[in-house]
Amino acid sequence: MLRIVITIIVSGLVALAGAMNNEILFDQKNLVLNQKDGLTTVAMSGCVQAFEKGAPSVPIKAIHLVVPQGVKVTGVRIEEVKSENLSGEYEIYPVQEAMPLSDPEPTHFVSPDPKFYGSFDYPKKIMSIGNQGSVFGYNIVSLFVAPVQYNAVQKQLKFNSKIRFSLEFESAELKNQPPGYRSPEARHQIEAMLAKFVHNPEDLSQYAP
């Protein structure tokens, strides 16, 4: 009986969370285009650069979401994208080899890799799943989001200003260490800290450990 009750509870959480939609907005004012070695560099505040060597060096945003306890994120589904092509033609600077801090000497130039520079938008996936783990007992998943995509054949940059998405879950034993008892004050402090970290702070209380 206890096993049945637990299964029903977890299944209910999965159904609820699976229906949970969210969205991320990007402001084109934060996009920075510059020139380097005759090519265009693309950067955006709050983002890192693409990390596949030889690929177009476009900005990537990492976001973190709190999800229900006892579930594993298995997929992300794009529900809606609002995008526009930037005017002009661009040849985007490729991702270079990482330069170790202990050896700041410049390395050889990495040319654009044809497998990334083709007649398709790069990154091909607007959103992909990163790591999932426990932070203070909260179930947190990371996503990588592409505010900008590049088509090398058309020399076109596409800016994604709004991306609405939903996550797909399945019940799982995550083997996270239980956080133990917390006073209401301690829980409030932790959630206030995580609210600055996760993209959906409004869900912290209902998905608390």
# chains A, B, ... in the order shown; residues from 1 in each chain; ligands from 1

$ select_by_dssp --residues "stretch 4-137 of chain A" --states "strand (DSSP E or B)" --output "short mmCIF file (atom, residue, chain, number, x, y, z; two decimals) with C-alpha atoms, in the first residue's frame"
data_model
loop_
_atom_site.label_atom_id
_atom_site.label_comp_id
_atom_site.auth_asym_id
_atom_site.auth_seq_id
_atom_site.Cartn_x
_atom_site.Cartn_y
_atom_site.Cartn_z
CA ASN A 21 5.70 25.91 -19.21
CA ASN A 22 8.28 28.63 -18.87
CA GLU A 23 9.90 31.19 -21.12
CA ILE A 24 13.04 33.24 -21.46
CA LEU A 25 13.31 36.69 -23.02
CA LEU A 31 23.87 42.11 -28.29
CA VAL A 32 27.42 43.31 -29.08
CA LEU A 33 28.91 42.95 -32.58
CA ASN A 34 32.56 43.74 -33.21
CA GLN A 35 35.24 43.04 -35.80
CA LYS A 36 38.29 40.82 -35.34
CA LEU A 39 35.36 38.61 -39.12
CA THR A 40 32.41 39.49 -36.88
CA THR A 41 32.40 38.58 -33.21
CA VAL A 42 29.09 38.19 -31.41
CA ALA A 43 28.72 38.55 -27.66
CA MET A 44 25.92 39.19 -25.21
CA VAL A 48 29.24 32.59 -22.45
CA GLN A 49 30.53 31.78 -25.92
CA PRO A 56 30.62 30.01 -34.95
CA PRO A 59 26.63 33.57 -27.22
CA ILE A 60 25.05 30.83 -25.12
CA LYS A 61 22.94 31.49 -22.03
CA ALA A 62 22.98 29.00 -19.14
CA ILE A 63 19.80 29.00 -17.05
CA HIS A 64 18.89 26.90 -14.02
CA LEU A 65 15.42 25.71 -13.05
CA VAL A 66 14.09 24.08 -9.90
CA VAL A 67 12.01 21.00 -10.70
CA VAL A 71 12.12 13.35 -11.08
CA LYS A 72 14.77 13.42 -13.78
CA VAL A 73 14.56 15.80 -16.72
CA THR A 74 14.63 13.77 -19.93
CA GLY A 75 13.87 16.39 -22.57
CA VAL A 76 12.99 19.96 -23.35
CA ARG A 77 10.28 20.88 -25.83
CA ILE A 78 10.19 24.23 -27.61
CA GLU A 79 6.63 25.55 -27.65
CA GLU A 80 7.13 28.94 -29.30
CA VAL A 81 9.99 31.05 -30.64
CA LYS A 82 9.84 34.71 -31.54
CA SER A 83 12.80 35.57 -33.77
CA GLU A 84 14.00 38.00 -36.40
CA ASN A 85 16.92 38.12 -38.83
CA ILE A 92 31.24 34.94 -37.80
CA PRO A 94 35.04 30.69 -35.08
CA TYR A 122 23.90 27.00 -35.57
CA MET A 127 17.80 24.75 -26.11
CA SER A 128 19.60 21.71 -24.71
CA ILE A 129 19.86 20.02 -21.32
CA GLY A 130 22.97 20.36 -19.18
CA ASN A 131 23.60 18.92 -15.72
CA GLN A 132 21.03 18.07 -13.07
CA GLY A 133 21.81 17.90 -9.37
CA SER A 134 20.92 18.82 -5.83
CA VAL A 135 21.54 22.32 -4.47
#

$ residues_around --residues "A:Arg182" --least-positions-apart "4" --cutoff "12 Å" --atoms "only C-alpha atoms" --output "PDB file with N, CA and C atoms, in the first residue's frame"
ATOM      1  N   PHE A 136      21.367  22.438  -2.055  1.00  0.00           N
ATOM      2  CA  PHE A 136      20.682  22.589  -0.768  1.00  0.00           C
ATOM      3  C   PHE A 136      19.436  21.695  -0.696  1.00  0.00           C
ATOM      4  N   GLY A 137      19.471  20.556  -1.401  1.00  0.00           N
ATOM      5  CA  GLY A 137      18.353  19.639  -1.393  1.00  0.00           C
ATOM      6  C   GLY A 137      17.312  19.903  -2.458  1.00  0.00           C
ATOM      7  N   PRO A 178      19.466  13.656   1.722  1.00  0.00           N
ATOM      8  CA  PRO A 178      18.388  14.435   2.338  1.00  0.00           C
ATOM      9  C   PRO A 178      18.960  15.599   3.142  1.00  0.00           C
ATOM     10  N   ALA A 186      15.769  29.264   8.317  1.00  0.00           N
ATOM     11  CA  ALA A 186      16.838  28.734   7.464  1.00  0.00           C
ATOM     12  C   ALA A 186      16.321  28.463   6.058  1.00  0.00           C
ATOM     13  N   ARG A 187      15.113  27.902   5.973  1.00  0.00           N
ATOM     14  CA  ARG A 187      14.540  27.633   4.663  1.00  0.00           C
ATOM     15  C   ARG A 187      14.316  28.932   3.902  1.00  0.00           C
ATOM     16  N   HIS A 188      13.852  29.958   4.590  1.00  0.00           N
ATOM     17  CA  HIS A 188      13.623  31.249   3.929  1.00  0.00           C
ATOM     18  C   HIS A 188      14.934  31.812   3.391  1.00  0.00           C
ATOM     19  N   GLN A 189      16.009  31.700   4.168  1.00  0.00           N
ATOM     20  CA  GLN A 189      17.308  32.226   3.727  1.00  0.00           C
ATOM     21  C   GLN A 189      17.815  31.470   2.500  1.00  0.00           C
ATOM     22  N   ILE A 190      17.641  30.144   2.511  1.00  0.00           N
ATOM     23  CA  ILE A 190      18.101  29.338   1.376  1.00  0.00           C
ATOM     24  C   ILE A 190      17.309  29.678   0.121  1.00  0.00           C
ATOM     25  N   GLU A 191      15.990  29.801   0.259  1.00  0.00           N
ATOM     26  CA  GLU A 191      15.167  30.105  -0.908  1.00  0.00           C
ATOM     27  C   GLU A 191      15.438  31.515  -1.427  1.00  0.00           C
ATOM     28  N   ALA A 208      10.205  22.332  -2.689  1.00  0.00           N
ATOM     29  CA  ALA A 208      11.198  22.258  -1.621  1.00  0.00           C
ATOM     30  C   ALA A 208      11.375  20.806  -1.145  1.00  0.00           C
ATOM     31  N   PRO A 209      12.560  20.444  -0.681  1.00  0.00           N
ATOM     32  CA  PRO A 209      12.786  19.079  -0.190  1.00  0.00           C
ATOM     33  C   PRO A 209      12.066  18.852   1.150  1.00  0.00           C
TER      34      PRO A 209
END

$ atom_distance --atom1 "atom CA of A:Pro147" --atom2 "atom CA of A:Val58"
8.6 Å

$ closest_residue --among "A:Gly70, A:Lys162, A:Leu174, A:Ala55" --to "A:Asp121" --atoms "only C-alpha atoms"
A:Ala55

$ closest_residue --among "A:Met193, A:Val148, A:Cys47, A:Val110" --to "A:Ala98" --atoms "only C-alpha atoms"
A:Val110

$ atom_distance --atom1 "atom CA of A:Asn30" --atom2 "atom CA of A:Asn160"
12.5 Å

$ closest_residue --among "A:Tyr207, A:Phe197, A:Tyr150, A:Tyr138" --to "A:Asn176" --atoms "only C-alpha atoms"
A:Tyr138

$ atom_distance --atom1 "atom CA of A:Lys155" --atom2 "atom CA of A:Ser45"
22.9 Å

$ residues_around --residues "A:Gly54" --least-positions-apart "5" --cutoff "12 Å" --atoms "only C-alpha atoms" --output "list in words"
Ile92, Tyr93, Pro94, Val95, Gln96, Glu97, Ala98, Phe109, Val110, Ser111, Pro112, Asp113, Pro114, Lys115, Phe116, Tyr117 and Tyr122 of chain A
